[in-house]
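The data block below is protein_3.cif; it holds mmCIF, N, CA and C atoms.
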```cif
data_input
loop_
_atom_site.group_PDB
_atom_site.id
_atom_site.type_symbol
_atom_site.label_atom_id
_atom_site.label_comp_id
_atom_site.auth_asym_id
_atom_site.auth_seq_id
_atom_site.Cartn_x
_atom_site.Cartn_y
_atom_site.Cartn_z
ATOM 1 N N MET A 1 111.900 80.475 -16.311
ATOM 2 C CA MET A 1 111.262 80.513 -17.630
ATOM 3 C C MET A 1 112.044 81.469 -18.527
ATOM 4 N N PHE A 2 112.389 81.013 -19.722
ATOM 5 C CA PHE A 2 113.119 81.817 -20.696
ATOM 6 C C PHE A 2 112.136 82.809 -21.300
ATOM 7 N N ASN A 3 112.444 84.111 -21.296
ATOM 8 C CA ASN A 3 111.457 85.100 -21.718
ATOM 9 C C ASN A 3 111.464 85.410 -23.211
ATOM 10 N N ILE A 4 112.357 84.783 -23.986
ATOM 11 C CA ILE A 4 112.395 85.004 -25.434
ATOM 12 C C ILE A 4 112.017 83.712 -26.133
ATOM 13 N N LYS A 5 111.114 83.816 -27.116
ATOM 14 C CA LYS A 5 110.644 82.643 -27.858
ATOM 15 C C LYS A 5 110.780 82.891 -29.354
ATOM 16 N N LYS A 6 110.591 81.837 -30.136
ATOM 17 C CA LYS A 6 110.636 81.959 -31.597
ATOM 18 C C LYS A 6 109.580 82.952 -32.072
ATOM 19 N N LYS A 7 109.910 83.660 -33.157
ATOM 20 C CA LYS A 7 109.047 84.623 -33.823
ATOM 21 C C LYS A 7 108.780 85.886 -33.011
ATOM 22 N N ASP A 8 109.529 86.102 -31.918
ATOM 23 C CA ASP A 8 109.440 87.361 -31.175
ATOM 24 C C ASP A 8 110.265 88.419 -31.892
ATOM 25 N N LYS A 9 109.830 89.667 -31.807
ATOM 26 C CA LYS A 9 110.612 90.785 -32.328
ATOM 27 C C LYS A 9 111.527 91.262 -31.206
ATOM 28 N N VAL A 10 112.823 91.417 -31.527
ATOM 29 C CA VAL A 10 113.799 91.838 -30.529
ATOM 30 C C VAL A 10 114.682 92.956 -31.086
ATOM 31 N N ILE A 11 115.336 93.667 -30.176
ATOM 32 C CA ILE A 11 116.313 94.692 -30.539
ATOM 33 C C ILE A 11 117.636 94.317 -29.877
ATOM 34 N N VAL A 12 118.748 94.549 -30.588
ATOM 35 C CA VAL A 12 120.076 94.219 -30.071
ATOM 36 C C VAL A 12 120.565 95.388 -29.220
ATOM 37 N N LEU A 13 121.036 95.090 -28.008
ATOM 38 C CA LEU A 13 121.453 96.119 -27.061
ATOM 39 C C LEU A 13 122.936 96.463 -27.154
ATOM 40 N N THR A 14 123.794 95.483 -27.464
ATOM 41 C CA THR A 14 125.237 95.725 -27.486
ATOM 42 C C THR A 14 125.878 95.039 -28.687
ATOM 43 N N GLY A 15 127.114 95.413 -28.964
ATOM 44 C CA GLY A 15 127.878 94.763 -30.023
ATOM 45 C C GLY A 15 127.833 95.504 -31.336
ATOM 46 N N LYS A 16 128.333 94.837 -32.383
ATOM 47 C CA LYS A 16 128.445 95.477 -33.694
ATOM 48 C C LYS A 16 127.090 95.752 -34.341
ATOM 49 N N ASP A 17 126.049 95.026 -33.937
ATOM 50 C CA ASP A 17 124.708 95.209 -34.505
ATOM 51 C C ASP A 17 123.788 95.981 -33.567
ATOM 52 N N LYS A 18 124.346 96.797 -32.682
ATOM 53 C CA LYS A 18 123.565 97.531 -31.689
ATOM 54 C C LYS A 18 122.500 98.399 -32.357
ATOM 55 N N GLY A 19 121.263 98.298 -31.854
ATOM 56 C CA GLY A 19 120.162 99.105 -32.369
ATOM 57 C C GLY A 19 119.364 98.438 -33.475
ATOM 58 N N LYS A 20 119.859 97.346 -34.035
ATOM 59 C CA LYS A 20 119.141 96.663 -35.113
ATOM 60 C C LYS A 20 118.014 95.816 -34.543
ATOM 61 N N LYS A 21 116.948 95.702 -35.326
ATOM 62 C CA LYS A 21 115.794 94.908 -34.915
ATOM 63 C C LYS A 21 115.667 93.697 -35.820
ATOM 64 N N GLY A 22 115.118 92.606 -35.276
ATOM 65 C CA GLY A 22 114.931 91.399 -36.059
ATOM 66 C C GLY A 22 114.003 90.426 -35.366
ATOM 67 N N GLU A 23 113.738 89.323 -36.048
ATOM 68 C CA GLU A 23 112.851 88.279 -35.527
ATOM 69 C C GLU A 23 113.684 87.084 -35.094
ATOM 70 N N VAL A 24 113.315 86.501 -33.965
ATOM 71 C CA VAL A 24 114.042 85.354 -33.433
ATOM 72 C C VAL A 24 113.731 84.130 -34.287
ATOM 73 N N LEU A 25 114.783 83.493 -34.820
ATOM 74 C CA LEU A 25 114.621 82.303 -35.650
ATOM 75 C C LEU A 25 114.736 81.023 -34.839
ATOM 76 N N ASP A 26 115.623 81.028 -33.835
ATOM 77 C CA ASP A 26 115.851 79.825 -33.037
ATOM 78 C C ASP A 26 116.312 80.219 -31.642
ATOM 79 N N VAL A 27 115.991 79.376 -30.650
ATOM 80 C CA VAL A 27 116.335 79.644 -29.260
ATOM 81 C C VAL A 27 117.061 78.434 -28.685
ATOM 82 N N PHE A 28 118.162 78.679 -27.964
ATOM 83 C CA PHE A 28 118.921 77.632 -27.289
ATOM 84 C C PHE A 28 118.970 77.959 -25.798
ATOM 85 N N PRO A 29 117.952 77.555 -25.009
ATOM 86 C CA PRO A 29 117.904 77.943 -23.598
ATOM 87 C C PRO A 29 119.031 77.369 -22.752
ATOM 88 N N LYS A 30 119.533 76.180 -23.067
ATOM 89 C CA LYS A 30 120.617 75.601 -22.271
ATOM 90 C C LYS A 30 121.916 76.386 -22.442
ATOM 91 N N LYS A 31 122.143 76.933 -23.638
ATOM 92 C CA LYS A 31 123.337 77.737 -23.907
ATOM 93 C C LYS A 31 123.088 79.223 -23.686
ATOM 94 N N ASP A 32 121.821 79.609 -23.436
ATOM 95 C CA ASP A 32 121.421 81.001 -23.235
ATOM 96 C C ASP A 32 121.750 81.850 -24.467
ATOM 97 N N LYS A 33 121.420 81.309 -25.650
ATOM 98 C CA LYS A 33 121.684 82.001 -26.907
ATOM 99 C C LYS A 33 120.452 81.985 -27.800
ATOM 100 N N VAL A 34 120.387 82.945 -28.734
ATOM 101 C CA VAL A 34 119.303 83.023 -29.711
ATOM 102 C C VAL A 34 119.906 83.351 -31.076
ATOM 103 N N ILE A 35 119.195 82.965 -32.132
ATOM 104 C CA ILE A 35 119.563 83.345 -33.490
ATOM 105 C C ILE A 35 118.506 84.325 -33.975
ATOM 106 N N VAL A 36 118.962 85.515 -34.401
ATOM 107 C CA VAL A 36 118.061 86.573 -34.848
ATOM 108 C C VAL A 36 118.285 86.807 -36.332
ATOM 109 N N SER A 37 117.189 87.002 -37.081
ATOM 110 C CA SER A 37 117.304 87.189 -38.527
ATOM 111 C C SER A 37 118.071 88.473 -38.852
ATOM 112 N N LYS A 38 119.003 88.369 -39.785
ATOM 113 C CA LYS A 38 119.815 89.476 -40.294
ATOM 114 C C LYS A 38 120.692 90.132 -39.233
ATOM 115 N N ILE A 39 121.031 89.386 -38.167
ATOM 116 C CA ILE A 39 121.884 89.906 -37.100
ATOM 117 C C ILE A 39 123.046 88.928 -36.897
ATOM 118 N N ASN A 40 124.243 89.454 -36.638
ATOM 119 C CA ASN A 40 125.439 88.665 -36.335
ATOM 120 C C ASN A 40 125.796 87.709 -37.477
ATOM 121 N N PHE A 41 125.942 88.272 -38.683
ATOM 122 C CA PHE A 41 126.332 87.472 -39.840
ATOM 123 C C PHE A 41 127.794 87.042 -39.727
ATOM 124 N N VAL A 42 128.067 85.769 -40.051
ATOM 125 C CA VAL A 42 129.426 85.248 -40.111
ATOM 126 C C VAL A 42 129.613 84.557 -41.454
ATOM 127 N N LYS A 43 130.857 84.438 -41.882
ATOM 128 C CA LYS A 43 131.149 83.777 -43.157
ATOM 129 C C LYS A 43 131.606 82.355 -42.896
ATOM 130 N N ARG A 44 131.094 81.421 -43.670
ATOM 131 C CA ARG A 44 131.457 80.013 -43.563
ATOM 132 C C ARG A 44 131.943 79.534 -44.925
ATOM 133 N N HIS A 45 133.071 78.835 -44.929
ATOM 134 C CA HIS A 45 133.612 78.270 -46.157
ATOM 135 C C HIS A 45 133.068 76.848 -46.285
ATOM 136 N N THR A 46 132.365 76.552 -47.391
ATOM 137 C CA THR A 46 131.777 75.231 -47.581
ATOM 138 C C THR A 46 132.414 74.533 -48.774
ATOM 139 N N LYS A 47 132.579 73.246 -48.641
ATOM 140 C CA LYS A 47 133.127 72.445 -49.733
ATOM 141 C C LYS A 47 132.037 72.192 -50.773
ATOM 142 N N PRO A 48 132.422 72.049 -52.027
ATOM 143 C CA PRO A 48 131.426 71.725 -53.034
ATOM 144 C C PRO A 48 130.924 70.285 -52.888
ATOM 145 N N THR A 49 129.647 70.090 -53.151
ATOM 146 C CA THR A 49 129.053 68.761 -53.178
ATOM 147 C C THR A 49 128.405 68.567 -54.544
ATOM 148 N N GLN A 50 127.741 67.423 -54.731
ATOM 149 C CA GLN A 50 127.087 67.171 -56.016
ATOM 150 C C GLN A 50 125.924 68.136 -56.242
ATOM 151 N N LYS A 51 125.279 68.594 -55.170
ATOM 152 C CA LYS A 51 124.123 69.487 -55.302
ATOM 153 C C LYS A 51 124.478 70.954 -55.122
ATOM 154 N N ASP A 52 125.575 71.228 -54.406
ATOM 155 C CA ASP A 52 125.917 72.597 -54.034
ATOM 156 C C ASP A 52 127.316 72.938 -54.541
ATOM 157 N N PRO A 53 127.492 74.092 -55.188
ATOM 158 C CA PRO A 53 128.817 74.426 -55.712
ATOM 159 C C PRO A 53 129.849 74.804 -54.656
ATOM 160 N N GLY A 54 129.422 75.103 -53.425
ATOM 161 C CA GLY A 54 130.359 75.469 -52.376
ATOM 162 C C GLY A 54 130.739 76.934 -52.451
ATOM 163 N N GLY A 55 131.701 77.339 -51.668
ATOM 164 C CA GLY A 55 132.153 78.725 -51.658
ATOM 165 C C GLY A 55 131.974 79.346 -50.285
ATOM 166 N N ILE A 56 132.016 80.669 -50.248
ATOM 167 C CA ILE A 56 131.883 81.399 -48.989
ATOM 168 C C ILE A 56 130.424 81.802 -48.802
ATOM 169 N N ARG A 57 129.830 81.358 -47.713
ATOM 170 C CA ARG A 57 128.420 81.623 -47.414
ATOM 171 C C ARG A 57 128.324 82.499 -46.177
ATOM 172 N N GLU A 58 127.329 83.377 -46.142
ATOM 173 C CA GLU A 58 127.041 84.158 -44.948
ATOM 174 C C GLU A 58 125.790 83.622 -44.290
ATOM 175 N N LYS A 59 125.829 83.489 -42.960
ATOM 176 C CA LYS A 59 124.648 83.040 -42.238
ATOM 177 C C LYS A 59 124.657 83.654 -40.841
ATOM 178 N N GLU A 60 123.493 83.579 -40.180
ATOM 179 C CA GLU A 60 123.368 84.132 -38.841
ATOM 180 C C GLU A 60 123.995 83.191 -37.823
ATOM 181 N N ALA A 61 124.725 83.746 -36.880
ATOM 182 C CA ALA A 61 125.320 82.973 -35.790
ATOM 183 C C ALA A 61 124.559 83.290 -34.506
ATOM 184 N N PRO A 62 124.607 82.391 -33.526
ATOM 185 C CA PRO A 62 123.913 82.661 -32.262
ATOM 186 C C PRO A 62 124.501 83.878 -31.548
ATOM 187 N N ILE A 63 123.643 84.571 -30.819
ATOM 188 C CA ILE A 63 124.032 85.730 -30.024
ATOM 189 C C ILE A 63 123.509 85.511 -28.609
ATOM 190 N N ALA A 64 124.196 86.028 -27.613
ATOM 191 C CA ALA A 64 123.784 85.839 -26.224
ATOM 192 C C ALA A 64 122.409 86.460 -25.995
ATOM 193 N N ALA A 65 121.558 85.742 -25.282
ATOM 194 C CA ALA A 65 120.191 86.213 -25.034
ATOM 195 C C ALA A 65 120.190 87.476 -24.186
ATOM 196 N N SER A 66 121.227 87.693 -23.397
ATOM 197 C CA SER A 66 121.291 88.893 -22.570
ATOM 198 C C SER A 66 121.565 90.153 -23.394
ATOM 199 N N LYS A 67 121.979 89.984 -24.650
ATOM 200 C CA LYS A 67 122.278 91.122 -25.514
ATOM 201 C C LYS A 67 121.069 91.587 -26.320
ATOM 202 N N VAL A 68 119.938 90.894 -26.201
ATOM 203 C CA VAL A 68 118.736 91.291 -26.924
ATOM 204 C C VAL A 68 117.596 91.540 -25.940
ATOM 205 N N MET A 69 116.629 92.363 -26.375
ATOM 206 C CA MET A 69 115.481 92.679 -25.539
ATOM 207 C C MET A 69 114.224 92.644 -26.401
ATOM 208 N N LEU A 70 113.136 92.160 -25.819
ATOM 209 C CA LEU A 70 111.864 92.064 -26.530
ATOM 210 C C LEU A 70 111.331 93.437 -26.917
ATOM 211 N N ILE A 71 110.579 93.485 -28.025
ATOM 212 C CA ILE A 71 109.901 94.699 -28.462
ATOM 213 C C ILE A 71 108.402 94.449 -28.355
ATOM 214 N N CYS A 72 107.697 95.354 -27.699
ATOM 215 C CA CYS A 72 106.248 95.233 -27.533
ATOM 216 C C CYS A 72 105.566 95.463 -28.881
ATOM 217 N N PRO A 73 104.621 94.602 -29.279
ATOM 218 C CA PRO A 73 103.946 94.795 -30.566
ATOM 219 C C PRO A 73 103.008 96.010 -30.581
ATOM 220 N N LYS A 74 102.579 96.451 -29.406
ATOM 221 C CA LYS A 74 101.639 97.580 -29.334
ATOM 222 C C LYS A 74 102.361 98.920 -29.258
ATOM 223 N N CYS A 75 103.273 99.072 -28.283
ATOM 224 C CA CYS A 75 103.921 100.371 -28.079
ATOM 225 C C CYS A 75 105.276 100.493 -28.786
ATOM 226 N N GLU A 76 105.758 99.411 -29.428
ATOM 227 C CA GLU A 76 106.993 99.407 -30.224
ATOM 228 C C GLU A 76 108.228 99.829 -29.422
ATOM 229 N N GLN A 77 108.251 99.563 -28.105
ATOM 230 C CA GLN A 77 109.405 99.879 -27.282
ATOM 231 C C GLN A 77 109.982 98.602 -26.695
ATOM 232 N N ALA A 78 111.285 98.637 -26.401
ATOM 233 C CA ALA A 78 111.926 97.496 -25.761
ATOM 234 C C ALA A 78 111.440 97.407 -24.315
ATOM 235 N N PHE A 79 111.228 96.173 -23.846
ATOM 236 C CA PHE A 79 110.730 96.008 -22.483
ATOM 237 C C PHE A 79 111.188 94.689 -21.898
ATOM 238 N N ARG A 80 111.228 94.641 -20.571
ATOM 239 C CA ARG A 80 111.482 93.400 -19.850
ATOM 240 C C ARG A 80 110.119 92.892 -19.394
ATOM 241 N N PRO A 81 109.705 91.701 -19.852
ATOM 242 C CA PRO A 81 108.344 91.263 -19.554
ATOM 243 C C PRO A 81 108.156 90.839 -18.101
ATOM 244 N N LYS A 82 106.927 90.992 -17.632
ATOM 245 C CA LYS A 82 106.559 90.388 -16.354
ATOM 246 C C LYS A 82 105.634 89.229 -16.678
ATOM 247 N N PHE A 83 105.546 88.276 -15.786
ATOM 248 C CA PHE A 83 104.766 87.072 -16.030
ATOM 249 C C PHE A 83 103.520 87.090 -15.159
ATOM 250 N N ASP A 84 102.360 86.905 -15.799
ATOM 251 C CA ASP A 84 101.082 86.822 -15.099
ATOM 252 C C ASP A 84 100.433 85.495 -15.425
ATOM 253 N N LYS A 85 99.542 85.061 -14.553
ATOM 254 C CA LYS A 85 98.779 83.844 -14.803
ATOM 255 C C LYS A 85 97.350 84.219 -15.169
ATOM 256 N N LEU A 86 96.837 83.562 -16.204
ATOM 257 C CA LEU A 86 95.445 83.758 -16.595
ATOM 258 C C LEU A 86 94.552 82.937 -15.676
ATOM 259 N N SER A 87 93.253 83.097 -15.840
ATOM 260 C CA SER A 87 92.309 82.378 -14.979
ATOM 261 C C SER A 87 92.378 80.865 -15.183
ATOM 262 N N ASP A 88 92.794 80.424 -16.370
ATOM 263 C CA ASP A 88 92.917 78.982 -16.628
ATOM 264 C C ASP A 88 94.275 78.427 -16.179
ATOM 265 N N GLY A 89 95.139 79.259 -15.583
ATOM 266 C CA GLY A 89 96.429 78.812 -15.066
ATOM 267 C C GLY A 89 97.578 78.928 -16.042
ATOM 268 N N LYS A 90 97.336 79.445 -17.245
ATOM 269 C CA LYS A 90 98.379 79.580 -18.256
ATOM 270 C C LYS A 90 99.222 80.827 -17.985
ATOM 271 N N LYS A 91 100.558 80.693 -18.108
ATOM 272 C CA LYS A 91 101.461 81.824 -17.915
ATOM 273 C C LYS A 91 101.551 82.637 -19.196
ATOM 274 N N VAL A 92 101.500 83.960 -19.074
ATOM 275 C CA VAL A 92 101.653 84.846 -20.227
ATOM 276 C C VAL A 92 102.660 85.935 -19.884
ATOM 277 N N ARG A 93 103.309 86.461 -20.930
ATOM 278 C CA ARG A 93 104.240 87.572 -20.760
ATOM 279 C C ARG A 93 103.480 88.874 -20.992
ATOM 280 N N VAL A 94 103.713 89.848 -20.143
ATOM 281 C CA VAL A 94 102.979 91.118 -20.217
ATOM 282 C C VAL A 94 103.980 92.276 -20.272
ATOM 283 N N CYS A 95 103.696 93.248 -21.150
ATOM 284 C CA CYS A 95 104.520 94.446 -21.249
ATOM 285 C C CYS A 95 104.298 95.291 -20.004
ATOM 286 N N ARG A 96 105.387 95.722 -19.382
ATOM 287 C CA ARG A 96 105.294 96.542 -18.172
ATOM 288 C C ARG A 96 104.845 97.960 -18.484
ATOM 289 N N LYS A 97 105.042 98.416 -19.718
ATOM 290 C CA LYS A 97 104.760 99.808 -20.066
ATOM 291 C C LYS A 97 103.305 100.031 -20.481
ATOM 292 N N CYS A 98 102.757 99.117 -21.314
ATOM 293 C CA CYS A 98 101.400 99.339 -21.820
ATOM 294 C C CYS A 98 100.404 98.261 -21.393
ATOM 295 N N GLY A 99 100.882 97.148 -20.839
ATOM 296 C CA GLY A 99 99.977 96.097 -20.374
ATOM 297 C C GLY A 99 99.570 95.094 -21.445
ATOM 298 N N GLU A 100 100.158 95.175 -22.619
ATOM 299 C CA GLU A 100 99.842 94.255 -23.722
ATOM 300 C C GLU A 100 100.358 92.846 -23.404
ATOM 301 N N MET A 101 99.535 91.819 -23.694
ATOM 302 C CA MET A 101 99.947 90.435 -23.443
ATOM 303 C C MET A 101 100.635 89.857 -24.683
ATOM 304 N N LEU A 102 101.719 89.110 -24.446
ATOM 305 C CA LEU A 102 102.397 88.352 -25.500
ATOM 306 C C LEU A 102 102.111 86.889 -25.253
ATOM 307 N N ILE A 103 101.541 86.221 -26.227
ATOM 308 C CA ILE A 103 101.200 84.807 -26.044
ATOM 309 C C ILE A 103 102.179 83.936 -26.790
#
```
In structure tokens, what does this structure look like?
Amino acid sequence: MFNIKKKDKVIVLTGKDKGKKGEVLDVFPKKDKVIVSKINFVKRHTKPTQKDPGGIREKEAPIAASKVMLICPKCEQAFRPKFDKLSDGKKVRVCRKCGEMLI
């Protein structure tokens, strides 16, 4: 089970954006990559079209999932989640430090 999902808050552990926090915009589990808002900006040169003038655009590029870590919404610390099952059989992620559930 991939432990990072869309709209999770994460912190970058390594690289040029080390220490920055952001929200996960997209997840690619087969490639083991995630796109985080305002992290790993790259420049793309686009051709002009009838609707768009073109030029140099900045956008977020995928980053390896191993380089980011979840942030607990309660204790605001980075953590590696553990997985528990609820009474109805649903899997949930739980913070190891404070016990807060992430659904």
Radius query 6 Å about (120.2, 86.3, -33.9), atoms used: only N, CA and C atoms, as a count of residues only: 9
Atom N of Val27 (chain A) to atom C of Lys5 (chain A), distance in Å rounded to a single decimal: 6.4 Å
What is the atom C of Asn3 (chain A)-CA of Val42 (chain A) distance in Å, reported with one decimal?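 Answer for the atom C of Asn3 (chain A) to CA of Val42 (chain A) separation: 24.7 Å.
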Picked residues, the PyMOL selection byres (((chain A and resi 96 and name CA) around 9) and name CA), expected as a list in words: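 When the PyMOL selection byres (((chain A and resi 96 and name CA) around 9) and name CA) is applied, the selected residues are Phe79, Arg80, Pro81, Lys82, Val94, Cys95, Lys97, Cys98, Gly99 and Glu100 of chain A.
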From a backbone DSSP assignment, name each residue in chain A labelled strand (DSSP E), as a ChimeraX atom specification. /A:9-12,21-28,33-36,41-46,55-60,63-64,68-71,78-79,82-85,91-94,101-102
Please compute the atom C of Ile4 (chain A)-atom N of Val24 (chain A) distance, one decimal, in Å.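 Atom-to-atom, atom C of Ile4 (chain A) and atom N of Val24 (chain A) are spaced 8.4 Å apart.
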I need the residue set behind the PyMOL selection byres ((chain A and resi 8-18) around 6.5) for this file; please write it as a list in words.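 Selected by the PyMOL selection byres ((chain A and resi 8-18) around 6.5) here: Lys5, Lys6, Lys7, Gly19, Lys20, Lys21, Gly22, Glu23, Val24, Asn40, Lys67, Val68, Met69, Leu70 and Ile71 of chain A.
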Chain and number of each residue from the PyMOL selection byres (((chain A and resi 46 and name CA) around 8) and name CA), as a list in words: Arg44, His45, Lys47, Pro48, Gly54, Gly55, Ile56 and Arg57 of chain A
Set up a box along x, y and z of the file covering all listed atoms of region 12-22 of chain A, add 3 Å on every one of the six sides, and write the centre and edge lengths in Å to one decimal, as lines of an AutoDock Vina configuration file.
```
center_x = 121.2
center_y = 94.8
center_z = -31.6
size_x = 20.4
size_y = 14.7
size_z = 15.0
```
I'd like the contact shell of Phe41 (chain A) - 6.5 Å cut-off, all atoms listed in the file, skipping same-chain residues fewer than 4 positions apart - returned as a PDB file with N, CA and C atoms, in the coordinates of the input.
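Generated file (out-v3.pdb):
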```pdb
ATOM      1  N   GLU A  58     127.329  83.377 -46.142  1.00  0.00           N
ATOM      2  CA  GLU A  58     127.041  84.158 -44.948  1.00  0.00           C
ATOM      3  C   GLU A  58     125.790  83.622 -44.290  1.00  0.00           C
ATOM      4  N   LYS A  59     125.829  83.489 -42.960  1.00  0.00           N
ATOM      5  CA  LYS A  59     124.648  83.040 -42.238  1.00  0.00           C
ATOM      6  C   LYS A  59     124.657  83.654 -40.841  1.00  0.00           C
ATOM      7  N   GLU A  60     123.493  83.579 -40.180  1.00  0.00           N
ATOM      8  CA  GLU A  60     123.368  84.132 -38.841  1.00  0.00           C
ATOM      9  C   GLU A  60     123.995  83.191 -37.823  1.00  0.00           C
ATOM     10  N   ALA A  61     124.725  83.746 -36.880  1.00  0.00           N
ATOM     11  CA  ALA A  61     125.320  82.973 -35.790  1.00  0.00           C
ATOM     12  C   ALA A  61     124.559  83.290 -34.506  1.00  0.00           C
TER      13      ALA A  61
END
```
